[in-house]
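Single-structure report; data block below.
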Amino acid sequence: MAGSVSKRPGSTGQKSGVDWHAPAERAFLVGLDFLRRDPVWTPAQSLEELEFLALTADVVVTASTLLRVRKPDPATLIGSGQAAEIARRVEEDDCQTVIFDAELLPRQQRNLEKIVKVKVVDRTTLILDVFAAHARTAEGKLQVERAQIDYVLPRLSELWVEFSRTAGGIGTRGPGETQIETDRRELRERIADLDRQIDRVRKRRSQARAARRKQGLPLIGLVGYTNAGKSSLLNALTGADALVQDQLFATLDPLTRKLELADGRRALLTDTVGFIQRLPERLLAAFRATLEEIQAADLLLHVVDVSLPTRSEQIDSVVETLELLEMAGTPMITVLNKIDLAGDGDEFDLPGAIHASAKDGVGLDDVRAAIGAALQTGDVPLGVAIPFAEGRLVDLFHREGTVESTEFTESGTILRGRVPERFAGRFREFELPD
Ligand SMILES: Nc1nc2c(ncn2[C@@H]2O[C@H](COP(=O)(O)OP(=O)(O)OP(=O)(O)O)[C@@H](O)[C@H]2O)c(=O)[nH]1
Ligand SMILES: [Mg+2]
């Protein structure tokens with residue numbers, strides 16, 4: 001992808017024709033302080049996270065700077081004076097890339113490249129690069145490619161507008177313009193093709209979800225900031241062997257495992273892609289097929305890395321993302337993970353939250369108990385005799401409730417179990433006497 005950070009050989013898994021001794025890419029990082037009052041993340045915290053993203057992308061960070069931007073410059077964002085200073089640092093440190101902790105307009109990116117004389121990459125591109133390097137399954141790769149094209153296409157359009165302006169009117173159609181038009185057409189065709197494939201994935205996933213629903217097991221979604229320990233918790237609770245790494249976005253594809261609760265009940269626990277502050281909305285959209293796995297969840301487990309100074313900021317960013325995904329209404333249990341790392345005098349608490357360490361297996365029983373209790377609240381016991389003509393109600397019981405016994409009689413189906421209270425009214429006329 002144009003303008004992206006190239007990985008160190010091996011990190012993408014592509015082995016053909018790779019120079020294994022090629023030095024890692026050296027980058028200079030630029031943090032930005034737009035002088036906003038009370039930003040959720042301070043510019044310095046955000047810059048530190050950018051550095052972690054760069055590390056995850058196998059980039060060597062030579063140095064970084066935090067610039068104050070009183071009024072964003074439409075041409076260069078930071079102004080040509082500050083850009084010239086970066087050019088000097090880039091030359092001094094022998095960098096091949098400058099990474100900005102912001103999303104740059106295409107024009108700004110090109111103007112900056114002219115001044116600093118090396119490649120300029122923005123935050124979204126860096127995140128996309130990490131995603132691309134970590135996508136392992138066909139589905140993950142589809143979604144990442146879709147997001148990459150989504151990012152590139154408007155940039156090409158902008159190039160085209162600029163080109164037609166400088167090239168003048170009729171009769172000046174140059175090969176450049178034709179090429180851009182061809183590129184755009186091909187990208188649009190590719191998008192249509194990707195969307196068709198992603199749609200197939202979504203249908204398959206939704207059928208699998210419907211089949212799981214029929215088992216009557218509640219669905220629990222793991223959510224949280226990237227690197228908080230979601231996959232570790234899935235492994236600790238279910239004995240799964242999901243990939244765990246001290247990296248951002250190690251998980252891209254959803255993984256569902258059965259979870260045994262203390263009272264013998266079972267549930268399904270799903271691990272998915274993590275969140276990050278200022279995650280571009282179209283990136284979220286590209287991961288719709290994946291996120292749909294947890295959008296229908298009955299309960300969310302919000303995993304927080306409590307050892308970080310930015311834990312509160314991370315919690316806020318996760319809640320914001322859940323709102324974007326229209327999941328803010330789903331009941332949620334917060335797990336303050338990695339308590340083994342939290343130092344003395346570093347207490348952090350939230351009402352109702354559970355302290356745990358997925359690594360040491362601490363607090364897992366508390367998590368199981370809290371899940372059991374949360375799944376029970378709102379469920380009422382119910383016994384019904386449903387006539388065959390009302391088959392939809394049998395489906396509803398299976399879909400929304402927990403079926404404990406089924407009996408087929410001549411006049412209909414007798415179901416016993418529990419359903420969420422909001423559905424109980426629908427069964428009233430067929431309710432069995434206690
Ligand atoms: N000390 C400590 N480390 C933990 C704990 N839980 C997870 N980790 C470490 O934190 C890092 C991230 O863990 P993951 O389980 O991959 O986190 P994740 O939330 O799935 O991350 P992404 O999939 O990348 O978004 C790994 O290095 C884990 O070993 C814990 O309770 N204590
Ligand atoms: Mg993970």
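Identifiers for the structure tokens are assigned positionally: chains receive A, B, ... in sequence, residues are indexed from 1 per chain, and ligands are indexed from 1 in the order shown.
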
With 8 Å as the cut-off and only C-alpha atoms counted, what is the closest atom pair between each nearby residue of range 309-394 of chain A and range 255-268 of chain A? Distances in Å to one decimal, ordered by chain and number, as a Markdown table.
| residue | atom | partner | partner_atom | distance |
| --- | --- | --- | --- | --- |
| A:Asp365 | CA | A:Ala262 | CA | 7.9 |
| A:Arg368 | CA | A:Leu261 | CA | 5.7 |
| A:Ala369 | CA | A:Ala262 | CA | 6.5 |
| A:Ile371 | CA | A:Leu261 | CA | 7.8 |
| A:Gly372 | CA | A:Leu261 | CA | 6.4 |

Handout entry: Selection within 12 Å of ligand 2 by only C-alpha atoms and all ligand atoms, output as a PyMOL selection string
Key = chain A and resi 134+222-235+241-255+270-275+303

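Of the listed residues (A:Val61, A:Ala342, A:Leu415, A:Met327), A:Ala342 comes nearest to ligand 1; the distances count only C-alpha atoms and all ligand atoms.
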
Practice task
Give me every strand (DSSP E) residue in range 310-433 of chain A, going by DSSP on the backbone, as a PyMOL selection string.
Solution key: chain A and resi 332-337+354-355+379-387+402-408+412-420

Practice task
Apply DSSP to the structure's backbone, then extract all residues of range 197-395 of chain A labelled alpha helix (DSSP H) and return them as number ranges by chain.
Solution key: A: 197-214, 230-238, 281-286, 288-295, 311-324, 364-376, 391-395

Problem - Contacts of range 24-35 of chain A within 10 Å, only C-alpha atoms, excl. fewer than 4 positions in-chain, as a PyMOL selection string - result: chain A and resi 5-9+39+42-48+50-51+54+57-72+77-78+86-87+89-90+93-102+118-122

For the residues selected in the previous step, produce a file with C-alpha atoms as a PDB file, in the first residue's frame.
ATOM      1  CA  VAL A   5       5.539   1.623   6.724  1.00  0.00           C
ATOM      2  CA  SER A   6       7.414  -1.321   5.311  1.00  0.00           C
ATOM      3  CA  LYS A   7       7.909  -4.173   7.715  1.00  0.00           C
ATOM      4  CA  ARG A   8      11.133  -5.747   8.654  1.00  0.00           C
ATOM      5  CA  PRO A   9      11.538  -8.923   6.619  1.00  0.00           C
ATOM      6  CA  PRO A  39      -8.470  15.988  26.031  1.00  0.00           C
ATOM      7  CA  THR A  42      -2.951  13.884  26.729  1.00  0.00           C
ATOM      8  CA  PRO A  43      -0.822  14.407  23.603  1.00  0.00           C
ATOM      9  CA  ALA A  44       2.128  12.819  25.446  1.00  0.00           C
ATOM     10  CA  GLN A  45       0.129   9.666  26.329  1.00  0.00           C
ATOM     11  CA  SER A  46      -1.037   9.393  22.744  1.00  0.00           C
ATOM     12  CA  LEU A  47       2.528   9.771  21.464  1.00  0.00           C
ATOM     13  CA  GLU A  48       3.666   7.005  23.771  1.00  0.00           C
ATOM     14  CA  LEU A  50       2.133   5.668  18.793  1.00  0.00           C
ATOM     15  CA  GLU A  51       5.574   4.455  19.765  1.00  0.00           C
ATOM     16  CA  ALA A  54       5.530   1.590  15.713  1.00  0.00           C
ATOM     17  CA  ALA A  57       5.131  -2.711  13.223  1.00  0.00           C
ATOM     18  CA  ASP A  58       8.856  -3.529  13.673  1.00  0.00           C
ATOM     19  CA  VAL A  59       9.939   0.056  13.180  1.00  0.00           C
ATOM     20  CA  VAL A  60      12.955   1.448  15.052  1.00  0.00           C
ATOM     21  CA  VAL A  61      12.043   4.753  16.644  1.00  0.00           C
ATOM     22  CA  THR A  62      15.092   7.040  16.649  1.00  0.00           C
ATOM     23  CA  ALA A  63      13.483   9.997  18.400  1.00  0.00           C
ATOM     24  CA  SER A  64      10.215  11.835  18.795  1.00  0.00           C
ATOM     25  CA  THR A  65       8.969  15.353  19.278  1.00  0.00           C
ATOM     26  CA  LEU A  66       5.751  16.863  20.580  1.00  0.00           C
ATOM     27  CA  LEU A  67       4.647  19.876  18.545  1.00  0.00           C
ATOM     28  CA  ARG A  68       2.127  22.500  19.528  1.00  0.00           C
ATOM     29  CA  VAL A  69      -0.322  23.338  16.795  1.00  0.00           C
ATOM     30  CA  ARG A  70      -2.315  26.461  17.555  1.00  0.00           C
ATOM     31  CA  LYS A  71      -4.076  26.519  14.202  1.00  0.00           C
ATOM     32  CA  PRO A  72      -3.763  23.521  11.854  1.00  0.00           C
ATOM     33  CA  LEU A  77      -0.799  20.713   9.411  1.00  0.00           C
ATOM     34  CA  ILE A  78       2.191  21.829  11.502  1.00  0.00           C
ATOM     35  CA  ILE A  86      11.724  17.849  11.365  1.00  0.00           C
ATOM     36  CA  ALA A  87      13.617  17.634   8.056  1.00  0.00           C
ATOM     37  CA  ARG A  89      16.226  15.882  12.616  1.00  0.00           C
ATOM     38  CA  VAL A  90      15.405  13.264   9.989  1.00  0.00           C
ATOM     39  CA  ASP A  93      19.166  10.585  12.618  1.00  0.00           C
ATOM     40  CA  ASP A  94      19.210   8.991   9.168  1.00  0.00           C
ATOM     41  CA  CYS A  95      15.468   8.156   9.239  1.00  0.00           C
ATOM     42  CA  GLN A  96      13.495   6.697   6.357  1.00  0.00           C
ATOM     43  CA  THR A  97      10.091   7.650   7.710  1.00  0.00           C
ATOM     44  CA  VAL A  98       8.257  10.268   9.747  1.00  0.00           C
ATOM     45  CA  ILE A  99       5.152   9.057  11.581  1.00  0.00           C
ATOM     46  CA  PHE A 100       2.510  11.591  12.650  1.00  0.00           C
ATOM     47  CA  ASP A 101       0.159  10.976  15.559  1.00  0.00           C
ATOM     48  CA  ALA A 102      -2.803  12.308  13.567  1.00  0.00           C
ATOM     49  CA  VAL A 118      11.385  10.941   3.311  1.00  0.00           C
ATOM     50  CA  LYS A 119       8.129   9.013   3.534  1.00  0.00           C
ATOM     51  CA  VAL A 120       5.435  10.496   5.785  1.00  0.00           C
ATOM     52  CA  VAL A 121       2.947   8.144   7.435  1.00  0.00           C
ATOM     53  CA  ASP A 122      -0.031   8.963   9.615  1.00  0.00           C
TER      54      ASP A 122
END

Practice task
Give me the residues within 9 Å of range 195-201 of chain A as a list of chain:residue names, counting only C-alpha atoms and dropping any in the same chain fewer than 4 places off.
Solution key: A:Glu139, A:Leu142, A:Gln143, A:Arg146, A:Arg190, A:Ile191, A:Arg205, A:Ser206, A:Ala289

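From CA of Ile127 in chain A back to atom 27 (O, counted along the ligand's line) of ligand 1, the distance works out to 18.8 Å.
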
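The two atoms in question, CA of Pro351 in chain A and atom 26 (C, counted along the ligand's line) of ligand 1, are spaced 25.8 Å apart.
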